[in-house]
file final29.txt (compact mmCIF, C-alpha atoms and all ligand atoms)
# COMPACT_ATOMS: atom_id res chain seq x y z
CA MET A 1 68.22 58.88 104.08
CA THR A 2 68.06 62.62 104.14
CA TRP A 3 65.88 65.04 106.05
CA LEU A 4 65.41 66.94 102.80
CA ASP A 5 62.07 66.57 101.08
CA LEU A 6 63.34 64.99 97.86
CA PRO A 7 61.47 62.75 95.41
CA ALA A 8 62.64 59.12 95.61
CA ASP A 9 63.88 59.23 92.01
CA THR A 10 65.79 62.50 92.30
CA LEU A 11 69.03 62.62 90.31
CA PHE A 12 70.50 65.02 92.85
CA GLY A 13 70.16 63.25 96.16
CA VAL A 14 72.88 62.76 98.78
CA ALA A 15 74.50 60.04 96.62
CA ASN A 16 75.49 62.74 94.13
CA LEU A 17 76.37 66.15 95.66
CA PRO A 18 77.99 67.79 92.63
CA TYR A 19 79.88 71.06 93.02
CA GLY A 20 79.33 74.26 91.09
CA VAL A 21 79.48 78.05 91.22
CA TYR A 22 76.38 80.18 91.34
CA ALA A 23 75.32 83.78 91.78
CA ARG A 24 72.12 85.14 93.24
CA GLY A 25 71.11 88.47 91.70
CA ASP A 26 74.01 90.90 91.83
CA ASP A 27 75.79 89.00 94.61
CA ALA A 28 79.35 87.82 93.99
CA PRO A 29 79.52 84.25 92.67
CA ARG A 30 80.29 81.54 95.24
CA CYS A 31 80.68 77.79 95.42
CA GLY A 32 77.75 75.51 96.10
CA VAL A 33 76.67 71.92 96.01
CA ARG A 34 73.47 70.89 94.29
CA VAL A 35 70.87 69.03 96.34
CA GLY A 36 67.54 68.40 94.59
CA ASP A 37 66.36 71.72 93.21
CA HIS A 38 68.45 73.72 95.66
CA VAL A 39 72.04 74.74 95.94
CA LEU A 40 73.72 74.68 99.32
CA ASP A 41 75.84 77.75 100.08
CA LEU A 42 79.06 75.99 101.09
CA ALA A 43 80.89 78.95 102.58
CA ALA A 44 77.97 79.51 104.94
CA ALA A 45 77.09 75.89 105.67
CA LEU A 46 80.70 74.82 106.32
CA ASP A 47 81.92 78.19 107.62
CA ASP A 48 84.85 77.97 105.20
CA GLU A 49 86.11 80.89 103.14
CA VAL A 50 87.61 78.69 100.41
CA PHE A 51 84.07 78.37 99.09
CA ALA A 52 83.39 82.14 99.12
CA ALA A 53 85.13 82.29 95.76
CA PRO A 54 84.03 82.60 92.12
CA THR A 55 85.67 79.27 91.17
CA LEU A 56 86.19 75.83 92.71
CA ASN A 57 89.95 76.00 92.07
CA GLY A 58 90.94 76.81 95.64
CA PHE A 59 89.02 73.84 97.00
CA MET A 60 90.13 71.55 94.17
CA ALA A 61 93.78 72.35 94.90
CA GLN A 62 93.41 71.10 98.49
CA GLY A 63 93.55 67.48 97.37
CA ARG A 64 91.82 64.18 97.65
CA ALA A 65 91.78 63.76 101.44
CA ARG A 66 90.12 67.14 101.82
CA TRP A 67 87.58 66.42 99.01
CA SER A 68 86.66 63.25 100.81
CA ALA A 69 86.37 64.94 104.20
CA VAL A 70 84.13 67.69 102.85
CA ARG A 71 81.91 65.16 101.12
CA ALA A 72 81.60 63.16 104.34
CA ARG A 73 80.75 66.32 106.29
CA LEU A 74 78.11 67.35 103.71
CA THR A 75 76.59 63.87 103.83
CA ASP A 76 76.36 64.13 107.60
CA LEU A 77 74.84 67.62 107.49
CA LEU A 78 72.22 66.55 104.95
CA THR A 79 71.25 63.23 106.53
CA ASP A 80 71.31 63.80 110.29
CA PRO A 81 68.11 65.65 111.25
CA ALA A 82 70.02 67.26 114.12
CA HIS A 83 71.67 69.59 111.55
CA ARG A 84 68.49 70.58 109.77
CA ALA A 85 67.86 73.87 111.53
CA ALA A 86 71.45 75.02 110.98
CA VAL A 87 71.70 73.94 107.33
CA GLU A 88 68.27 74.73 105.94
CA PRO A 89 68.73 78.52 105.86
CA HIS A 90 71.69 78.04 103.50
CA LEU A 91 69.72 76.15 100.84
CA VAL A 92 68.97 78.47 97.93
CA PRO A 93 66.36 77.57 95.30
CA LEU A 94 68.04 76.86 91.95
CA ALA A 95 65.38 79.01 90.33
CA ASP A 96 66.81 82.04 92.18
CA VAL A 97 70.39 81.65 90.96
CA ALA A 98 72.43 81.63 87.77
CA THR A 99 75.16 79.02 87.43
CA ARG A 100 78.63 80.02 86.24
CA LEU A 101 81.68 78.34 84.77
CA PRO A 102 82.53 76.23 87.84
CA PHE A 103 86.32 76.39 87.60
CA GLU A 104 89.01 78.48 85.99
CA VAL A 105 90.17 76.30 83.13
CA GLY A 106 93.89 75.60 82.94
CA ASP A 107 94.99 73.60 79.95
CA TYR A 108 92.41 71.85 77.81
CA VAL A 109 93.03 68.52 76.08
CA ASP A 110 90.56 66.63 73.95
CA PHE A 111 90.88 62.90 73.32
CA TYR A 112 89.40 60.59 70.69
CA ALA A 113 88.69 57.58 72.88
CA SER A 114 85.61 55.98 71.30
CA GLU A 115 86.48 53.24 68.84
CA HIS A 116 83.03 53.50 67.28
CA HIS A 117 83.35 57.26 66.75
CA ALA A 118 86.91 57.05 65.44
CA ALA A 119 85.97 54.27 63.03
CA ASN A 120 82.89 56.12 61.77
CA ILE A 121 84.89 59.33 61.20
CA GLY A 122 87.72 57.35 59.58
CA ARG A 123 85.28 55.75 57.14
CA MET A 124 83.94 59.17 56.15
CA PHE A 125 87.18 61.22 56.10
CA ARG A 126 89.47 58.51 54.68
CA PRO A 127 87.28 56.18 52.61
CA GLY A 128 89.12 53.17 51.25
CA SER A 129 91.74 53.01 54.01
CA ASP A 130 91.63 51.38 57.44
CA PRO A 131 89.07 53.26 59.56
CA LEU A 132 91.46 53.33 62.52
CA THR A 133 95.00 54.64 62.20
CA PRO A 134 97.78 52.12 63.15
CA ASN A 135 98.42 53.85 66.52
CA TRP A 136 94.79 53.99 67.64
CA LYS A 137 94.67 50.86 69.81
CA HIS A 138 98.12 51.47 71.29
CA LEU A 139 97.60 54.94 72.72
CA PRO A 140 94.71 57.33 73.45
CA ILE A 141 94.96 59.95 70.69
CA GLY A 142 94.40 63.56 71.71
CA TYR A 143 95.28 67.17 70.98
CA HIS A 144 95.69 70.33 73.01
CA GLY A 145 92.69 72.61 72.61
CA ARG A 146 91.91 76.21 73.48
CA SER A 147 91.05 76.62 77.15
CA GLY A 148 90.15 80.31 76.80
CA THR A 149 87.06 79.43 74.76
CA VAL A 150 85.67 76.87 77.22
CA VAL A 151 82.29 78.42 78.10
CA PRO A 152 79.55 77.56 80.58
CA SER A 153 76.35 75.84 79.55
CA GLY A 154 73.84 78.27 78.08
CA THR A 155 76.40 80.45 76.31
CA PRO A 156 75.15 81.13 72.75
CA ILE A 157 77.44 79.74 70.04
CA VAL A 158 78.16 82.06 67.10
CA ARG A 159 78.50 80.13 63.86
CA PRO A 160 82.19 80.21 62.97
CA GLN A 161 83.53 81.47 59.67
CA GLY A 162 86.58 80.24 57.89
CA GLN A 163 88.07 78.47 54.91
CA ARG A 164 86.37 75.45 53.50
CA LYS A 165 86.92 73.50 50.32
CA ALA A 166 84.80 70.65 49.00
CA PRO A 167 86.81 67.83 47.39
CA ASP A 168 85.49 68.71 43.93
CA GLN A 169 86.35 72.42 44.21
CA PRO A 170 89.67 73.73 42.85
CA SER A 171 90.30 76.22 45.65
CA PRO A 172 88.92 77.19 49.07
CA THR A 173 86.21 79.76 49.74
CA PHE A 174 85.59 81.81 52.89
CA GLY A 175 82.35 82.09 54.78
CA PRO A 176 80.11 80.76 57.56
CA SER A 177 80.57 77.07 58.30
CA ARG A 178 78.00 74.96 56.49
CA ARG A 179 78.70 71.81 58.50
CA LEU A 180 78.42 72.90 62.11
CA ASP A 181 78.24 69.94 64.47
CA ILE A 182 78.31 68.84 68.08
CA GLU A 183 80.39 66.28 69.91
CA ALA A 184 78.82 64.78 73.04
CA GLU A 185 81.72 64.20 75.42
CA VAL A 186 82.57 63.65 79.07
CA GLY A 187 85.09 65.97 80.75
CA PHE A 188 87.53 65.29 83.59
CA VAL A 189 88.60 68.14 85.86
CA VAL A 190 92.06 68.07 87.42
CA GLY A 191 92.13 69.04 91.08
CA THR A 192 95.73 68.68 92.10
CA GLY A 193 98.65 69.35 89.81
CA SER A 194 101.87 67.39 89.27
CA ARG A 195 105.55 68.25 89.05
CA LEU A 196 107.15 68.90 85.67
CA GLY A 197 109.02 65.79 84.63
CA ASP A 198 106.96 63.36 86.75
CA PRO A 199 104.44 61.15 84.92
CA VAL A 200 101.12 60.49 86.67
CA SER A 201 100.53 56.76 86.80
CA LEU A 202 97.24 54.95 86.28
CA ASP A 203 97.07 54.28 90.00
CA ASP A 204 97.28 58.00 90.81
CA PHE A 205 94.24 58.94 88.73
CA ALA A 206 91.89 59.48 91.68
CA ASP A 207 94.50 61.56 93.52
CA HIS A 208 94.53 64.11 90.72
CA VAL A 209 91.08 64.11 89.12
CA PHE A 210 88.50 66.00 91.16
CA GLY A 211 85.37 65.25 89.18
CA VAL A 212 83.45 64.80 85.97
CA CYS A 213 81.28 67.06 83.82
CA LEU A 214 79.62 67.06 80.41
CA VAL A 215 81.25 68.69 77.40
CA ASN A 216 79.97 69.74 74.01
CA ASP A 217 82.93 70.09 71.67
CA TRP A 218 81.28 72.22 68.97
CA SER A 219 82.92 71.31 65.66
CA SER A 220 82.91 72.77 62.18
CA ARG A 221 83.33 69.80 59.86
CA ASP A 222 84.00 71.81 56.70
CA LEU A 223 86.70 73.95 58.35
CA GLN A 224 88.12 70.80 59.97
CA ALA A 225 88.23 68.73 56.77
CA TRP A 226 90.27 71.36 54.92
CA GLU A 227 92.70 72.28 57.72
CA TYR A 228 93.40 69.11 59.69
CA VAL A 229 96.19 67.55 57.61
CA PRO A 230 98.96 67.37 58.81
CA LEU A 231 98.68 68.90 62.31
CA GLY A 232 95.16 68.03 63.42
CA PRO A 233 92.24 70.06 64.80
CA PHE A 234 92.58 73.86 64.88
CA LEU A 235 89.98 76.51 63.95
CA GLY A 236 87.30 73.92 63.31
CA LYS A 237 87.27 73.28 67.05
CA SER A 238 88.68 76.30 68.90
CA PHE A 239 85.73 78.71 68.56
CA ALA A 240 83.82 77.26 71.56
CA THR A 241 83.63 74.29 73.92
CA SER A 242 80.70 74.18 76.37
CA VAL A 243 80.77 72.54 79.81
CA SER A 244 77.99 71.64 82.25
CA PRO A 245 77.73 73.63 85.50
CA TRP A 246 77.95 70.74 87.99
CA ILE A 247 81.12 68.75 88.65
CA VAL A 248 80.22 65.28 89.90
CA PRO A 249 82.94 64.19 92.35
CA LEU A 250 84.80 61.02 91.45
CA GLU A 251 83.74 59.54 94.79
CA ALA A 252 80.08 59.68 93.71
CA LEU A 253 80.95 57.52 90.70
CA GLU A 254 82.37 54.51 92.56
CA THR A 255 79.11 52.66 91.77
CA ALA A 256 79.41 53.56 88.07
CA ARG A 257 82.81 51.94 87.56
CA VAL A 258 82.92 49.16 84.97
CA ALA A 259 85.59 47.27 83.06
CA PRO A 260 86.49 48.80 79.70
CA PRO A 261 85.93 46.77 76.50
CA PRO A 262 88.27 43.83 75.80
CA ARG A 263 91.72 44.86 74.53
CA ASP A 264 92.97 43.86 71.10
CA HIS A 265 96.65 44.29 71.98
CA THR A 266 98.79 43.95 75.04
CA LEU A 267 99.20 47.53 76.15
CA LEU A 268 102.51 49.04 77.16
CA PRO A 269 102.94 48.88 80.94
CA TYR A 270 102.09 52.53 81.62
CA LEU A 271 98.70 51.99 79.94
CA ALA A 272 98.02 48.40 81.07
CA ASP A 273 94.61 48.20 82.75
CA THR A 274 95.19 47.79 86.45
CA ASP A 275 91.88 49.05 87.71
CA LYS A 276 88.36 49.45 86.46
CA TRP A 277 87.97 53.07 85.46
CA GLY A 278 85.48 52.54 82.69
CA LEU A 279 82.34 54.46 83.67
CA ASP A 280 78.74 53.46 83.06
CA LEU A 281 77.37 56.89 82.13
CA ALA A 282 74.26 57.04 79.97
CA LEU A 283 74.24 60.18 77.80
CA GLU A 284 71.33 61.73 75.93
CA VAL A 285 71.59 64.28 73.15
CA ARG A 286 68.62 66.50 72.36
CA LEU A 287 68.25 68.70 69.31
CA ASN A 288 65.52 71.32 69.78
CA GLY A 289 64.11 69.21 72.59
CA HIS A 290 64.01 65.90 70.75
CA VAL A 291 66.29 63.02 71.70
CA VAL A 292 68.52 62.23 68.71
CA ALA A 293 71.09 59.94 70.39
CA ARG A 294 71.77 57.92 73.54
CA PRO A 295 75.55 57.39 73.63
CA PRO A 296 76.88 54.95 76.27
CA PHE A 297 80.15 56.02 77.90
CA SER A 298 80.77 52.41 78.99
CA ALA A 299 81.63 51.57 75.37
CA MET A 300 84.69 53.88 75.37
CA TYR A 301 87.87 52.01 74.52
CA TRP A 302 90.20 54.17 76.63
CA THR A 303 89.50 54.98 80.27
CA PRO A 304 90.00 58.42 81.82
CA ALA A 305 92.84 56.97 83.92
CA GLN A 306 94.62 55.87 80.73
CA MET A 307 94.03 59.28 79.16
CA LEU A 308 95.66 60.98 82.18
CA ALA A 309 98.58 58.54 82.24
CA HIS A 310 99.22 59.06 78.54
CA MET A 311 98.86 62.83 78.75
CA THR A 312 101.62 63.01 81.37
CA VAL A 313 103.89 60.08 80.39
CA ASN A 314 106.32 62.49 78.72
CA GLY A 315 106.63 64.47 81.96
CA ALA A 316 104.13 67.19 81.05
CA SER A 317 102.79 68.58 84.33
CA LEU A 318 99.21 69.10 85.46
CA ARG A 319 97.71 72.21 87.00
CA THR A 320 94.60 72.72 89.08
CA GLY A 321 91.75 73.41 86.66
CA ASP A 322 93.13 71.45 83.72
CA LEU A 323 90.31 69.90 81.74
CA TYR A 324 90.51 66.90 79.50
CA ALA A 325 87.60 65.52 77.52
CA SER A 326 86.99 62.02 76.27
CA GLY A 327 86.23 62.72 72.64
CA THR A 328 82.85 62.04 71.11
CA VAL A 329 81.00 59.28 72.91
CA SER A 330 79.55 56.90 70.34
CA GLY A 331 78.31 53.37 70.88
CA PRO A 332 78.06 50.53 68.36
CA GLU A 333 74.45 51.21 67.39
CA PRO A 334 73.34 53.96 64.97
CA GLU A 335 71.17 55.66 67.62
CA GLN A 336 74.17 55.76 69.99
CA ARG A 337 76.26 58.16 67.90
CA GLY A 338 77.33 61.35 69.64
CA SER A 339 77.75 63.66 66.64
CA LEU A 340 75.49 64.79 63.80
CA MET A 341 78.30 63.90 61.39
CA GLU A 342 77.72 60.27 62.33
CA LEU A 343 73.94 60.46 62.83
CA GLY A 344 73.50 61.93 59.32
CA TRP A 345 76.51 60.10 57.86
CA GLY A 346 78.32 63.19 56.63
CA GLY A 347 75.18 64.68 55.06
CA LYS A 348 74.38 61.56 53.03
CA GLU A 349 71.60 60.34 55.34
CA PRO A 350 69.79 63.38 56.79
CA PHE A 351 67.53 62.58 59.72
CA THR A 352 64.06 63.93 60.37
CA LEU A 353 62.90 65.79 63.47
CA PRO A 354 59.35 65.46 64.82
CA ASP A 355 58.47 68.91 63.41
CA GLY A 356 59.05 67.46 59.92
CA SER A 357 62.28 69.32 59.25
CA SER A 358 65.41 67.37 58.39
CA ARG A 359 69.00 67.90 59.53
CA SER A 360 72.47 66.91 58.51
CA PHE A 361 74.18 69.67 60.48
CA LEU A 362 73.10 72.52 62.79
CA GLU A 363 71.00 75.43 61.56
CA ASP A 364 70.94 78.89 63.09
CA GLY A 365 68.58 78.86 66.06
CA ASP A 366 69.08 75.17 66.78
CA GLU A 367 69.59 74.27 70.42
CA VAL A 368 71.56 71.21 71.53
CA THR A 369 71.37 69.83 75.08
CA ILE A 370 73.41 66.94 76.45
CA THR A 371 72.48 65.21 79.71
CA ALA A 372 73.73 62.11 81.50
CA THR A 373 72.95 59.84 84.41
CA ALA A 374 74.89 57.10 86.18
CA PRO A 375 74.18 54.41 88.79
CA GLY A 376 74.66 55.88 92.26
CA ALA A 377 74.95 54.45 95.74
CA GLY A 378 72.02 52.53 97.21
CA GLY A 379 70.37 51.77 93.88
CA SER A 380 69.90 55.46 93.08
CA ARG A 381 70.71 57.24 89.85
CA ILE A 382 72.77 60.37 89.84
CA GLY A 383 72.52 63.18 87.31
CA PHE A 384 75.08 65.39 85.64
CA GLY A 385 72.61 68.17 84.82
CA GLU A 386 72.98 69.45 81.30
CA VAL A 387 75.21 71.30 78.89
CA THR A 388 73.22 73.33 76.41
CA GLY A 389 73.82 75.91 73.73
CA ARG A 390 71.98 77.63 70.86
CA ILE A 391 73.45 78.53 67.49
CA LEU A 392 73.54 82.21 66.53
CA PRO A 393 74.12 83.35 62.92
CA ALA A 394 77.70 84.10 61.84
CA ARG A 395 78.81 87.72 62.35
CA CA B 1 86.15 66.28 70.31

call {"tool": "encode", "arguments": {"input": "final29.txt", "output": "structure tokens"}}
result
Amino acid sequence: MTWLDLPADTLFGVANLPYGVYARGDDAPRCGVRVGDHVLDLAAALDDEVFAAPTLNGFMAQGRARWSAVRARLTDLLTDPAHRAAVEPHLVPLADVATRLPFEVGDYVDFYASEHHAANIGRMFRPGSDPLTPNWKHLPIGYHGRSGTVVPSGTPIVRPQGQRKAPDQPSPTFGPSRRLDIEAEVGFVVGTGSRLGDPVSLDDFADHVFGVCLVNDWSSRDLQAWEYVPLGPFLGKSFATSVSPWIVPLEALETARVAPPPRDHTLLPYLADTDKWGLDLALEVRLNGHVVARPPFSAMYWTPAQMLAHMTVNGASLRTGDLYASGTVSGPEPEQRGSLMELGWGGKEPFTLPDGSSRSFLEDGDEVTITATAPGAGGSRIGFGEVTGRILPAR
């Protein structure tokens, strides 16, 4: 129990304690931890200058033992009434602050780990052939994205322009994307790096990954369809990727761990499931305030530990602040699909919003918000907050 006056069903109780960066007025940004509708000023509450910084990178680089010690100290400060008088002055109402990008992003990798998403996209992009490519169930497919355009939740998204060519057109045209989409994803933030040449094994996942956030991988389907063969995603993805402001520490997700789906092949040893790092996260996607999908992360074929092991098996090193995302989270049911491309089946089955308008893809002015919750300690639920963004016209 906590001495804080929190509702019993809060998503941000002491079982969660996600980290972020915030600024009050014109003050310099600093690190905080969210508790209920407040943020705790960590530099002040812990008397530690590593938190008087505009990113979490310094703290993340200190490693797993230190993350665990700080979390234990925060739990003590927020549960033992003896600390109340000392801690309470450092709780700042969320309404008084603006959240920032919580970490300086190193490299950014995006995976494609949902079988349901990959199969749906395969059916639409490559009709008549197998929905999954022959490699799909042997390795987690991914690509290196553009870390410089990872933006914090709330950043407006300018509709990208580029080349697009419909199959029945003889040549491409240039202009604003007509098939602007979202991808509801989960992101994993690397805390401690690794040495060039040394793979990171499945068992070392929790030593390197600091925490988890929500990601919206904005995607232009018309740009993507024309450019992606033979080298994969490029300008259809690189214009913006939004992340949520709160990084839920891996330790808070112990209660959310589940076994991944059954495997169809024996996996090579470096990917063989040795531990349960599937995660029971329940996502919600809202378009202009209305829920359009409820994707379950537990249905993902590849776990984040497998993604990390694969990403480094060639000896590629990690750096503090590296971000890798899961790929679109889609479940087996139609209402569990994490992209408009799937929800509207490539424009063939537009869906209707409560205001009577219909959508296949995003219109200017549309706002998309992704949220998620997970089972927390003591029967609680913990929240990830939200990642949101509104579409501005092309310019
Ligand atoms: Ca993606």

call {"tool": "closest_residue", "arguments": {"input": "final29.txt", "among": "A:Glu104, A:Asp217, A:Asp9, A:Asp366", "to": "Gly148 of chain A", "atoms": "only C-alpha atoms"}}
result
A:Glu104

call {"tool": "residues_near_ligand", "arguments": {"input": "final29.txt", "ligand": "ligand CA 1 (chain B)", "cutoff": "7 Å", "atoms": "all atoms listed in the file", "output": "list in words"}}
result
Asp110, Phe111, Tyr112, Glu183, Asp217, Gly327 and Thr328 of chain A

call {"tool": "axis_aligned_box", "arguments": {"input": "final29.txt", "around": "segment 210-219 of chain A", "padding_each_side": "6 Å", "output": "lines of an AutoDock Vina configuration file"}}
result
center_x = 84.1
center_y = 68.5
center_z = 78.4
size_x = 20.9
size_y = 19.4
size_z = 37.5

call {"tool": "closest_residue", "arguments": {"input": "final29.txt", "among": "A:Ser357, A:Asn216, A:Ser330, A:Thr2", "to": "Val150 of chain A", "atoms": "all atoms listed in the file"}}
result
A:Asn216

call {"tool": "atom_distance", "arguments": {"input": "final29.txt", "atom1": "atom CA of Pro29 of chain A", "atom2": "atom CA of Pro54 of chain A"}}
result
4.8 Å

call {"tool": "atom_distance", "arguments": {"input": "final29.txt", "atom1": "atom CA of Tyr324 of chain A", "atom2": "atom CA of His208 of chain A"}}
result
12.2 Å

call {"tool": "atom_distance", "arguments": {"input": "final29.txt", "atom1": "atom CA of Leu139 of chain A", "atom2": "atom CA of Leu271 of chain A"}}
result
7.9 Å

call {"tool": "build_atoms", "arguments": {"input": "final29.txt", "residues": "segment 349-362 of chain A", "atoms": "N, CA, C and O atoms", "output": "mmCIF file, keeping the file's coordinate frame"}}
result
data_model
loop_
_atom_site.group_PDB
_atom_site.id
_atom_site.type_symbol
_atom_site.label_atom_id
_atom_site.label_comp_id
_atom_site.auth_asym_id
_atom_site.auth_seq_id
_atom_site.Cartn_x
_atom_site.Cartn_y
_atom_site.Cartn_z
ATOM 1 N N GLU A 349 72.829 60.939 54.813
ATOM 2 C CA GLU A 349 71.600 60.340 55.340
ATOM 3 C C GLU A 349 70.947 61.287 56.339
ATOM 4 O O GLU A 349 70.960 61.023 57.546
ATOM 5 N N PRO A 350 70.404 62.414 55.862
ATOM 6 C CA PRO A 350 69.790 63.380 56.790
ATOM 7 C C PRO A 350 68.714 62.690 57.631
ATOM 8 O O PRO A 350 68.064 61.748 57.168
ATOM 9 N N PHE A 351 68.574 63.159 58.871
ATOM 10 C CA PHE A 351 67.530 62.580 59.720
ATOM 11 C C PHE A 351 66.432 63.608 59.938
ATOM 12 O O PHE A 351 66.640 64.807 59.790
ATOM 13 N N THR A 352 65.239 63.086 60.281
ATOM 14 C CA THR A 352 64.060 63.930 60.370
ATOM 15 C C THR A 352 63.706 64.187 61.824
ATOM 16 O O THR A 352 63.758 63.290 62.656
ATOM 17 N N LEU A 353 63.351 65.435 62.121
ATOM 18 C CA LEU A 353 62.900 65.790 63.470
ATOM 19 C C LEU A 353 61.377 65.712 63.505
ATOM 20 O O LEU A 353 60.716 65.760 62.460
ATOM 21 N N PRO A 354 60.801 65.595 64.728
ATOM 22 C CA PRO A 354 59.350 65.460 64.820
ATOM 23 C C PRO A 354 58.566 66.618 64.179
ATOM 24 O O PRO A 354 57.422 66.448 63.796
ATOM 25 N N ASP A 355 59.198 67.797 64.051
ATOM 26 C CA ASP A 355 58.470 68.910 63.410
ATOM 27 C C ASP A 355 58.492 68.790 61.882
ATOM 28 O O ASP A 355 57.990 69.674 61.174
ATOM 29 N N GLY A 356 59.059 67.696 61.361
ATOM 30 C CA GLY A 356 59.050 67.460 59.920
ATOM 31 C C GLY A 356 60.291 67.965 59.204
ATOM 32 O O GLY A 356 60.530 67.604 58.058
ATOM 33 N N SER A 357 61.068 68.816 59.900
ATOM 34 C CA SER A 357 62.280 69.320 59.250
ATOM 35 C C SER A 357 63.367 68.251 59.288
ATOM 36 O O SER A 357 63.325 67.338 60.109
ATOM 37 N N SER A 358 64.308 68.343 58.384
ATOM 38 C CA SER A 358 65.410 67.370 58.390
ATOM 39 C C SER A 358 66.720 68.092 58.668
ATOM 40 O O SER A 358 66.848 69.296 58.473
ATOM 41 N N ARG A 359 67.706 67.333 59.172
ATOM 42 C CA ARG A 359 69.000 67.900 59.530
ATOM 43 C C ARG A 359 70.120 66.966 59.089
ATOM 44 O O ARG A 359 70.005 65.741 59.205
ATOM 45 N N SER A 360 71.184 67.592 58.594
ATOM 46 C CA SER A 360 72.470 66.910 58.510
ATOM 47 C C SER A 360 73.420 67.558 59.495
ATOM 48 O O SER A 360 74.200 66.889 60.164
ATOM 49 N N PHE A 361 73.346 68.904 59.557
ATOM 50 C CA PHE A 361 74.180 69.670 60.480
ATOM 51 C C PHE A 361 73.293 70.744 61.126
ATOM 52 O O PHE A 361 72.093 70.812 60.854
ATOM 53 N N LEU A 362 73.896 71.562 62.014
ATOM 54 C CA LEU A 362 73.100 72.520 62.790
ATOM 55 C C LEU A 362 72.707 73.734 61.962
ATOM 56 O O LEU A 362 73.511 74.263 61.189
#
